[in-house]
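Trainee: My structure file upload.tsv, TSV, C-alpha atoms and all ligand atoms, is below:
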chain	number	residue	atom	x	y	z
A	286	MET	CA	0.00	0.00	0.00
A	287	ILE	CA	1.14	3.52	-0.71
A	288	THR	CA	0.16	5.63	2.29
A	289	ASP	CA	1.08	9.17	3.25
A	290	ARG	CA	1.59	10.87	6.62
A	291	PHE	CA	-2.12	11.66	6.79
A	292	ASN	CA	-3.14	8.00	6.33
A	293	ARG	CA	-4.43	8.59	2.83
A	294	VAL	CA	-4.12	5.40	0.78
A	295	HIS	CA	-3.04	6.06	-2.82
A	296	ASN	CA	-4.52	3.61	-5.30
A	297	TYR	CA	-5.14	5.80	-8.34
A	298	LEU	CA	-2.38	6.65	-10.83
A	299	ARG	CA	-2.61	9.15	-13.65
A	300	ILE	CA	-0.06	8.57	-16.37
A	301	SER	CA	0.73	11.31	-18.86
A	302	LEU	CA	1.70	9.80	-22.22
A	303	THR	CA	3.04	12.99	-23.78
A	304	ASP	CA	3.24	16.74	-23.32
A	305	ASN	CA	2.38	17.11	-27.01
A	306	CYS	CA	-1.05	18.19	-28.14
A	307	ASN	CA	-2.94	19.07	-31.30
A	308	LEU	CA	-4.87	21.86	-29.52
A	309	ARG	CA	-3.46	24.95	-27.79
A	310	CYS	CA	-5.85	25.67	-24.91
A	311	PHE	CA	-4.58	28.92	-23.40
A	312	TYR	CA	-5.36	27.84	-19.82
A	313	CYS	CA	-3.23	24.74	-20.17
A	314	MET	CA	-0.19	25.73	-22.24
A	315	PRO	CA	2.36	28.38	-21.32
A	316	GLU	CA	2.00	31.65	-23.25
A	317	GLU	CA	5.45	31.60	-24.79
A	318	GLU	CA	6.41	29.25	-27.64
A	319	TYR	CA	6.53	25.78	-26.15
A	320	GLU	CA	8.86	22.98	-27.23
A	321	PHE	CA	7.43	19.52	-26.74
A	322	THR	CA	9.68	16.98	-25.05
A	323	PRO	CA	11.58	14.84	-27.58
A	324	ALA	CA	10.40	11.23	-27.82
A	325	SER	CA	13.65	9.81	-26.37
A	326	ARG	CA	13.01	11.63	-23.08
A	327	LEU	CA	9.47	10.32	-22.79
A	328	MET	CA	8.67	7.03	-21.10
A	329	GLN	CA	8.73	4.31	-23.75
A	330	LEU	CA	6.02	1.64	-23.97
A	331	HIS	CA	8.02	-0.97	-22.01
A	332	GLU	CA	8.90	1.65	-19.36
A	333	ILE	CA	5.26	2.66	-18.93
A	334	GLU	CA	4.38	-1.03	-18.60
A	335	ALA	CA	7.15	-1.62	-16.05
A	336	LEU	CA	6.28	1.40	-13.89
A	337	ALA	CA	2.53	0.75	-14.09
A	338	LYS	CA	3.09	-2.82	-12.96
A	339	ILE	CA	5.15	-1.69	-9.95
A	340	PHE	CA	2.37	0.70	-8.93
A	341	VAL	CA	-0.24	-2.04	-9.35
A	342	ASP	CA	1.81	-4.38	-7.15
A	343	LEU	CA	1.76	-1.58	-4.54
A	344	GLY	CA	-2.04	-1.40	-4.58
A	345	VAL	CA	-3.04	0.79	-7.54
A	346	ASN	CA	-6.38	-0.34	-8.99
A	347	LYS	CA	-7.22	2.57	-11.26
A	348	ILE	CA	-5.13	4.13	-14.03
A	349	ARG	CA	-6.05	7.17	-16.09
A	350	LEU	CA	-4.09	8.03	-19.23
A	351	THR	CA	-3.75	11.71	-19.93
A	352	GLY	CA	-1.34	14.30	-21.26
A	353	GLY	CA	-0.92	16.59	-23.24
A	354	GLU	CA	-3.21	14.77	-25.58
A	355	PRO	CA	-2.73	11.03	-24.99
A	356	LEU	CA	-4.15	10.10	-28.40
A	357	VAL	CA	-1.56	12.04	-30.42
A	358	ARG	CA	1.07	9.60	-29.30
A	359	LYS	CA	1.80	7.14	-32.13
A	360	ASP	CA	1.74	4.07	-29.91
A	361	ALA	CA	-1.29	5.19	-27.85
A	362	GLY	CA	-3.34	2.19	-29.05
A	363	GLU	CA	-0.61	-0.26	-28.04
A	364	ILE	CA	-0.25	1.39	-24.63
A	365	ILE	CA	-4.00	1.22	-24.01
A	366	LEU	CA	-4.16	-2.46	-24.98
A	367	SER	CA	-1.10	-3.32	-22.92
A	368	LEU	CA	-2.28	-1.58	-19.73
A	369	SER	CA	-5.73	-3.08	-20.11
A	370	LYS	CA	-4.18	-6.45	-19.19
A	371	LEU	CA	-3.41	-5.16	-15.69
A	372	PRO	CA	-6.01	-5.68	-12.94
A	373	VAL	CA	-7.07	-2.02	-12.97
A	374	LYS	CA	-9.94	0.13	-14.08
A	375	LEU	CA	-8.41	1.83	-17.11
A	376	THR	CA	-9.70	5.14	-18.35
A	377	LEU	CA	-8.51	8.27	-20.11
A	378	THR	CA	-8.92	12.01	-20.45
A	379	THR	CA	-8.80	13.29	-24.01
A	380	ASN	CA	-9.64	16.37	-26.02
A	381	GLY	CA	-11.74	14.06	-28.19
A	382	SER	CA	-10.40	15.16	-31.56
A	383	ARG	CA	-8.97	11.73	-32.45
A	384	LEU	CA	-11.43	9.47	-30.70
A	385	HIS	CA	-12.96	8.20	-33.95
A	386	GLU	CA	-9.62	6.48	-34.68
A	387	PHE	CA	-9.55	4.78	-31.25
A	388	VAL	CA	-13.12	3.82	-30.52
A	389	ASP	CA	-12.59	0.15	-31.45
A	390	THR	CA	-9.33	-0.10	-29.51
A	391	LEU	CA	-11.02	1.36	-26.45
A	392	GLY	CA	-13.83	-1.17	-26.73
A	393	GLN	CA	-11.30	-3.99	-27.14
A	394	ALA	CA	-9.42	-2.74	-24.05
A	395	GLY	CA	-12.57	-2.74	-21.96
A	396	VAL	CA	-12.52	1.03	-21.43
A	397	HIS	CA	-16.17	1.92	-20.82
A	398	SER	CA	-15.93	5.38	-19.34
A	399	LEU	CA	-13.85	8.35	-20.38
A	400	ASN	CA	-13.52	12.11	-19.94
A	401	ILE	CA	-13.66	14.37	-22.96
A	402	SER	CA	-12.85	18.06	-22.67
A	403	LEU	CA	-15.14	20.63	-24.24
A	404	ASP	CA	-15.35	24.14	-22.79
A	405	THR	CA	-17.93	25.66	-25.09
A	406	LEU	CA	-20.76	24.69	-27.41
A	407	GLN	CA	-19.93	27.61	-29.72
A	408	PRO	CA	-17.50	26.84	-32.57
A	409	GLU	CA	-16.00	30.37	-32.66
A	410	LYS	CA	-15.36	30.34	-28.93
A	411	PHE	CA	-13.81	26.88	-29.23
A	412	GLN	CA	-11.35	28.35	-31.74
A	413	LEU	CA	-10.61	31.23	-29.37
A	414	ILE	CA	-9.89	28.92	-26.43
A	415	THR	CA	-8.03	26.14	-28.22
A	416	ARG	CA	-6.58	28.11	-31.16
A	417	ARG	CA	-7.72	25.28	-33.43
A	418	ASP	CA	-10.81	24.73	-35.60
A	419	GLN	CA	-11.85	21.33	-34.21
A	420	PHE	CA	-15.21	21.95	-32.54
A	421	GLN	CA	-17.27	19.83	-34.92
A	422	LYS	CA	-14.84	16.91	-34.77
A	423	VAL	CA	-14.89	16.87	-30.97
A	424	TYR	CA	-18.66	17.26	-30.80
A	425	ASP	CA	-19.22	14.51	-33.39
A	426	ASN	CA	-16.88	12.20	-31.51
A	427	ILE	CA	-18.80	12.74	-28.29
A	428	GLN	CA	-21.96	11.75	-30.16
A	429	LEU	CA	-20.17	8.71	-31.60
A	430	LEU	CA	-19.13	7.53	-28.15
A	431	LEU	CA	-22.61	8.05	-26.75
A	432	LYS	CA	-24.00	6.00	-29.63
A	433	ARG	CA	-21.57	3.22	-28.76
A	434	ASN	CA	-22.79	3.33	-25.14
A	435	PHE	CA	-19.64	4.68	-23.53
A	436	HIS	CA	-20.09	6.56	-20.25
A	437	VAL	CA	-19.03	10.03	-21.38
A	438	LYS	CA	-17.99	12.73	-18.92
A	439	VAL	CA	-17.51	16.14	-20.50
A	440	ASN	CA	-14.96	18.37	-18.75
A	441	MET	CA	-15.73	22.08	-19.01
A	442	VAL	CA	-13.31	24.55	-17.42
A	443	VAL	CA	-15.50	27.48	-16.39
A	444	MET	CA	-13.81	30.87	-16.74
A	445	LYS	CA	-15.56	34.05	-15.62
A	446	GLY	CA	-16.40	36.34	-18.53
A	447	LEU	CA	-15.52	33.71	-21.11
A	448	ASN	CA	-17.88	30.76	-20.88
A	449	ASN	CA	-19.78	31.01	-17.58
A	450	ASN	CA	-22.77	32.19	-19.62
A	451	GLU	CA	-22.94	28.72	-21.23
A	452	ILE	CA	-23.40	26.72	-18.04
A	453	ASN	CA	-27.13	26.28	-18.59
A	454	ASP	CA	-26.58	25.33	-22.26
A	455	PHE	CA	-24.51	22.41	-20.98
A	456	ILE	CA	-27.24	21.55	-18.46
A	457	GLU	CA	-29.77	21.61	-21.31
A	458	TRP	CA	-27.58	19.09	-23.16
A	459	THR	CA	-28.18	16.62	-20.31
A	460	ARG	CA	-31.95	16.77	-20.88
A	461	HIS	CA	-32.11	14.30	-23.76
A	462	GLU	CA	-28.62	12.77	-23.83
A	463	PRO	CA	-26.85	10.70	-21.18
A	464	VAL	CA	-23.83	13.02	-20.96
A	465	HIS	CA	-22.22	13.74	-17.62
A	466	ILE	CA	-20.98	17.31	-17.50
A	467	ARG	CA	-18.19	18.24	-15.10
A	468	PHE	CA	-17.82	21.95	-14.47
A	469	ILE	CA	-14.25	22.61	-13.34
A	470	GLU	CA	-13.12	25.70	-11.46
A	471	PHE	CA	-10.27	27.43	-13.31
A	472	MET	CA	-6.93	26.52	-11.69
A	473	PRO	CA	-3.59	28.36	-11.66
A	474	PHE	CA	-0.56	26.83	-13.39
A	475	THR	CA	2.74	28.21	-14.58
A	476	GLY	CA	2.17	30.60	-17.47
A	477	ASN	CA	-1.60	30.09	-17.89
A	478	ARG	CA	-2.89	33.65	-17.45
A	479	TRP	CA	-4.85	32.68	-14.33
A	480	THR	CA	-6.11	35.49	-12.12
A	481	SER	CA	-8.38	35.03	-9.14
A	482	ASN	CA	-11.14	37.15	-10.69
A	483	LYS	CA	-11.48	34.63	-13.55
A	484	VAL	CA	-12.49	31.86	-11.15
A	485	PHE	CA	-16.21	31.11	-11.34
A	486	THR	CA	-16.81	29.24	-8.12
A	487	MET	CA	-19.03	26.27	-7.36
A	488	GLN	CA	-21.31	28.57	-5.38
A	489	GLU	CA	-21.71	30.86	-8.39
A	490	MET	CA	-22.35	27.91	-10.72
A	491	LEU	CA	-25.04	26.50	-8.46
A	492	GLU	CA	-26.72	29.90	-8.31
A	493	VAL	CA	-26.85	30.17	-12.10
A	494	ILE	CA	-28.20	26.65	-12.48
A	495	GLY	CA	-30.63	27.00	-9.56
A	496	LYS	CA	-32.28	30.03	-11.18
A	497	LYS	CA	-33.40	27.89	-14.11
A	498	TYR	CA	-33.59	24.31	-12.86
A	499	GLU	CA	-34.53	22.29	-9.86
A	500	VAL	CA	-31.52	20.15	-8.95
A	501	VAL	CA	-30.96	17.15	-6.71
A	502	ARG	CA	-27.67	16.21	-5.12
A	503	LEU	CA	-26.39	12.76	-6.08
A	504	GLN	CA	-24.49	10.35	-3.85
A	505	ASP	CA	-20.74	10.68	-4.53
A	506	GLU	CA	-18.28	7.83	-4.34
A	507	LYS	CA	-15.59	7.96	-1.66
A	508	HIS	CA	-12.74	9.52	-3.63
A	509	ASP	CA	-14.80	11.55	-6.09
A	510	THR	CA	-13.33	14.95	-6.79
A	511	ALA	CA	-16.64	16.04	-8.28
A	512	LYS	CA	-19.83	16.79	-6.42
A	513	GLY	CA	-22.66	15.25	-8.44
A	514	TYR	CA	-26.10	16.66	-9.25
A	515	GLN	CA	-28.99	15.97	-11.58
A	516	VAL	CA	-31.97	17.85	-12.88
A	517	PRO	CA	-34.89	15.47	-12.23
A	518	GLY	CA	-36.07	13.93	-15.48
A	519	HIS	CA	-32.83	14.66	-17.38
A	520	ARG	CA	-30.99	11.67	-18.82
A	521	GLY	CA	-27.54	13.04	-18.03
A	522	THR	CA	-26.05	14.50	-14.86
A	523	PHE	CA	-23.66	17.26	-13.91
A	524	ALA	CA	-20.95	17.63	-11.32
A	525	ILE	CA	-18.71	20.37	-10.03
A	526	ILE	CA	-14.99	20.11	-9.40
A	527	SER	CA	-14.38	22.81	-6.81
A	528	THR	CA	-10.60	22.60	-6.45
A	529	MET	CA	-10.27	26.30	-5.72
A	530	SER	CA	-13.22	27.10	-3.46
A	531	ALA	CA	-13.74	23.79	-1.63
A	532	ASN	CA	-10.95	21.31	-2.17
A	533	PHE	CA	-11.22	17.56	-1.68
A	534	CYS	CA	-7.62	16.97	-0.55
A	535	GLY	CA	-8.70	15.16	2.61
A	536	GLU	CA	-9.88	12.19	0.52
A	537	CYS	CA	-7.10	12.32	-2.07
A	538	ASN	CA	-5.94	8.96	-3.44
A	539	ARG	CA	-4.18	10.23	-6.57
A	540	MET	CA	-0.60	10.14	-7.82
A	541	ARG	CA	0.78	11.33	-11.12
A	542	LEU	CA	3.49	10.26	-13.49
A	543	THR	CA	4.55	12.91	-15.98
A	544	ALA	CA	5.37	11.91	-19.55
A	545	ASP	CA	9.09	12.25	-18.76
A	546	GLY	CA	8.73	9.84	-15.87
A	547	LYS	CA	8.63	12.17	-12.86
A	548	MET	CA	6.31	11.23	-10.02
A	549	LYS	CA	4.15	14.00	-8.54
A	550	ASN	CA	2.10	13.42	-5.40
A	551	CYS	CA	-0.28	16.31	-6.19
A	552	LEU	CA	-1.35	18.38	-9.18
A	553	PHE	CA	0.07	21.41	-7.39
A	554	SER	CA	3.17	19.85	-5.92
A	555	GLY	CA	6.50	21.47	-6.72
A	556	TYR	CA	8.25	18.33	-5.53
A	557	GLU	CA	8.99	15.61	-8.10
A	558	THR	CA	10.81	12.28	-8.06
A	559	ASP	CA	12.55	11.06	-11.20
A	560	LEU	CA	11.37	7.45	-11.48
A	561	LEU	CA	12.29	7.07	-15.15
A	562	SER	CA	16.00	7.82	-14.68
A	563	ALA	CA	16.11	5.41	-11.74
A	564	LEU	CA	14.38	2.72	-13.80
A	565	ARG	CA	16.81	3.28	-16.70
A	566	LYS	CA	19.76	2.86	-14.30
A	567	GLY	CA	18.29	-0.39	-13.01
A	568	GLU	CA	17.64	1.05	-9.54
A	569	ASP	CA	14.77	0.03	-7.29
A	570	VAL	CA	12.02	2.63	-7.68
A	571	ILE	CA	9.78	1.36	-4.85
A	572	PRO	CA	11.55	3.29	-2.05
A	573	LEU	CA	11.40	6.40	-4.26
A	574	ILE	CA	7.63	6.02	-4.64
A	575	HIS	CA	7.12	5.71	-0.89
A	576	GLN	CA	9.42	8.64	-0.20
A	577	ASN	CA	7.55	10.80	-2.70
A	578	ILE	CA	4.21	10.09	-1.08
A	579	TYR	CA	5.68	10.57	2.38
A	580	ASN	CA	6.43	14.15	1.33
A	581	LYS	CA	2.87	14.85	0.19
A	582	ALA	CA	1.45	18.05	1.65
A	583	LYS	CA	-1.90	18.07	3.42
A	584	GLU	CA	-3.60	20.16	0.75
A	585	LEU	CA	-2.99	21.80	-2.63
A	586	GLY	CA	0.68	20.82	-2.80
A	587	GLY	CA	1.28	22.98	0.27
A	588	GLN	CA	1.32	25.98	-2.07
A	589	PHE	CA	-1.97	27.78	-1.43
A	590	THR	CA	-5.31	27.56	0.36
A	591	THR	CA	-8.97	28.03	-0.50
A	592	ASP	CA	-8.43	31.71	0.28
A	593	PHE	CA	-7.16	32.25	-3.27
A	594	GLU	CA	-8.22	35.85	-3.77
A	595	HIS	CA	-4.72	37.30	-3.39
A	596	LEU	CA	-2.94	34.38	-5.04
A	597	HIS	CA	-0.63	35.01	-8.00
A	598	ALA	CA	-0.19	32.06	-10.37
A	599	GLU	CA	3.51	32.88	-10.85
A	600	ASP	CA	4.16	32.42	-7.11
A	601	ILE	CA	3.27	28.73	-7.38
A	602	HIS	CA	6.31	26.57	-8.02
A	603	ASN	CA	5.02	24.07	-10.58
A	604	ARG	CA	4.90	23.12	-14.24
A	605	SER	CA	2.32	24.12	-16.82
A	606	MET	CA	-0.73	21.83	-16.89
A	607	ILE	CA	0.20	20.36	-20.27
A	608	THR	CA	3.48	19.01	-18.84
A	609	ILE	CA	1.86	17.60	-15.70
A	610	GLY	CA	-1.08	15.64	-17.02
A	611	GLY	CA	-4.50	16.66	-15.73
S	701	LIG	N1	-5.67	16.74	-23.66
S	701	LIG	C1	-6.57	16.10	-22.78
S	701	LIG	C2	-7.80	16.94	-22.54
S	701	LIG	O1	-7.81	18.12	-22.91
S	701	LIG	O2	-8.74	16.41	-21.97
S	701	LIG	C3	-5.97	15.64	-21.48
S	701	LIG	C4	-5.06	16.59	-20.77
S	701	LIG	S1	-5.81	18.04	-20.10
S	701	LIG	C5	-4.42	18.81	-19.35
S	701	LIG	C6	-6.74	17.37	-18.76
S	701	LIG	C7	-7.85	18.22	-18.22
S	701	LIG	O3	-7.30	19.32	-17.53
S	701	LIG	C8	-8.78	18.79	-19.27
S	701	LIG	O4	-10.10	18.50	-18.96
S	701	LIG	C9	-8.53	20.27	-19.18
S	701	LIG	O5	-9.68	21.01	-19.48
S	701	LIG	C10	-8.12	20.42	-17.72
S	701	LIG	N2	-7.37	21.65	-17.47
S	701	LIG	C11	-6.28	22.10	-18.11
S	701	LIG	N3	-5.87	23.27	-17.60
S	701	LIG	C12	-6.73	23.58	-16.60
S	701	LIG	C13	-6.86	24.68	-15.70
S	701	LIG	N4	-6.01	25.67	-15.73
S	701	LIG	N5	-7.86	24.66	-14.81
S	701	LIG	C14	-8.75	23.63	-14.78
S	701	LIG	N6	-8.68	22.56	-15.59
S	701	LIG	C15	-7.69	22.54	-16.50
S	702	LIG	FE1	-4.21	20.03	-25.16
S	702	LIG	FE2	-5.87	19.11	-23.29
S	702	LIG	FE3	-4.15	21.07	-22.74
S	702	LIG	FE4	-6.14	21.58	-24.35
S	702	LIG	S1	-6.31	20.96	-22.19
S	702	LIG	S2	-3.98	22.15	-24.72
S	702	LIG	S3	-6.39	19.67	-25.38
S	702	LIG	S4	-3.63	19.01	-23.24
Spit out the file's structure as structure tokens when you get a sec.

Mentor:
Amino acid sequence: MITDRFNRVHNYLRISLTDNCNLRCFYCMPEEEYEFTPASRLMQLHEIEALAKIFVDLGVNKIRLTGGEPLVRKDAGEIILSLSKLPVKLTLTTNGSRLHEFVDTLGQAGVHSLNISLDTLQPEKFQLITRRDQFQKVYDNIQLLLKRNFHVKVNMVVMKGLNNNEINDFIEWTRHEPVHIRFIEFMPFTGNRWTSNKVFTMQEMLEVIGKKYEVVRLQDEKHDTAKGYQVPGHRGTFAIISTMSANFCGECNRMRLTADGKMKNCLFSGYETDLLSALRKGEDVIPLIHQNIYNKAKELGGQFTTDFEHLHAEDIHNRSMITIGG
């Protein structure tokens, strides 16, 4: 078991397959020109397999593949099929643009549920946020997955003044389709133009929704980061990920492996452990994993608190989201 100083058991690993992406979401990538990590410095298929297996032997029973965009990696299909042989619930977070090429592989790998990011239902705004003209492709792929009976969670990062006016359009989407919307509070990362006044909080979201709909609170599972709700009679549901205004660190069971093989014990942790170099040198990585988790802070990487009003993103010692793996 991988346990920290606060008795939190860590059984959920998020593996970033690459820091490369075919979109350019401004809230995820640094502003300046960004050079993707060369393939030789990324974990190779056999290294991902080896590290994943070590984590599974230590108690991990859920693995999420992420990035960057996991599906731009050439061997993404092979990685998915290989990890699906482990005794874990395998899932992924994707921008959805390439899902049509992977839908059969995902079925074959037994992946039933996945998260697809879509921050707006307006094509022009999609272009503004992602700097790419891919709205229709992503939207069509969501429909394709729904048709194939996948459990589809749609991640929407809510940013004040940009897309908070679309919250009820997303709720309306749940009326006739079994989509599960996850409204995410905007989080600060290195170089992502975050300011506290762009955070649209859970409280604000619930007010907007409550003005138009009756909502019921759903029962969450133990380690859920999202607080679930449903409009009675709607086929889909919605949930809110309130990292900034009401964090869920007390129940955290997550660990992260960046695409270049560094272990992070928290999305906001400035502390990293280089598992890939150790693995390449033939060293035992198990003590490194335990040591990393031993150093886990109580909340938010020890870098800020829910009182985020005076926080400056550049004061947080971290990477940009695209190099961490969300
Ligand atoms: N490329 C994939 C995608 O877009 O889903 C996977 C990687 S992406 C970094 C993972 C998730 O993090 C996405 O849902 C994205 O919207 C979210 N994300 C990125 N930057 C964020 C931020 N600053 N605040 C909140 N969520 C963020
Ligand atoms: Fe790419 Fe996902 Fe980041 Fe957007 S959020 S730039 S799709 S990794």

Trainee: Residues near Gln488 of chain A, anyone? I mean within 12 Å using only C-alpha atoms, not counting same-chain ones fewer than 6 positions away, as JSON, numbers by chain.

Mentor: {"A": [468, 470, 494, 495, 512, 525, 526, 527, 529, 530, 531]}

Trainee: May I have the residues within 6 Å of ligand LIG 701 (chain S), computed using all atoms listed in the file, as a VMD selection string?

Mentor: chain A and resid 312 to 313 351 to 354 378 to 380 401 to 402 440 442 469 to 473 606 to 607 610 to 611

Trainee: Put the listed atoms of ligand LIG 702 (chain S) in a box along x, y and z with 5 Å added on every side and give me the centre and edge lengths in Å to one decimal, as lines of an AutoDock Vina configuration file.

Mentor:
center_x = -5.0
center_y = 20.6
center_z = -23.8
size_x = 12.8
size_y = 13.1
size_z = 13.2

Trainee: Might you pull out every residue within 9 Å of His461 of chain A, with all atoms listed in the file counted and same-chain residues fewer than 5 positions away left off, and present them as a PyMOL selection string?

Mentor: chain A and resi 519-521

Trainee: Would you put the residues from that selection into a file with C-alpha atoms, as a CSV table (one decimal), in the frame of the given file?

Mentor:
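Output (part.csv):
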chain,number,residue,atom,x,y,z
A,519,HIS,CA,-32.8,14.7,-17.4
A,520,ARG,CA,-31.0,11.7,-18.8
A,521,GLY,CA,-27.5,13.0,-18.0

Trainee: What's the separation between atom CA of Arg349 of chain A and atom CA of Leu413 of chain A, in Å to one decimal place?

Mentor: 27.9 Å

Trainee: Mind checking which residues fall within 12 Å of Asn296 of chain A, counting all atoms listed in the file, ignoring those fewer than 5 positions away in the same chain, and posting them as number ranges by chain?

Mentor: A: 286-289, 337, 339-349, 373-374, 508, 536-541, 550, 578
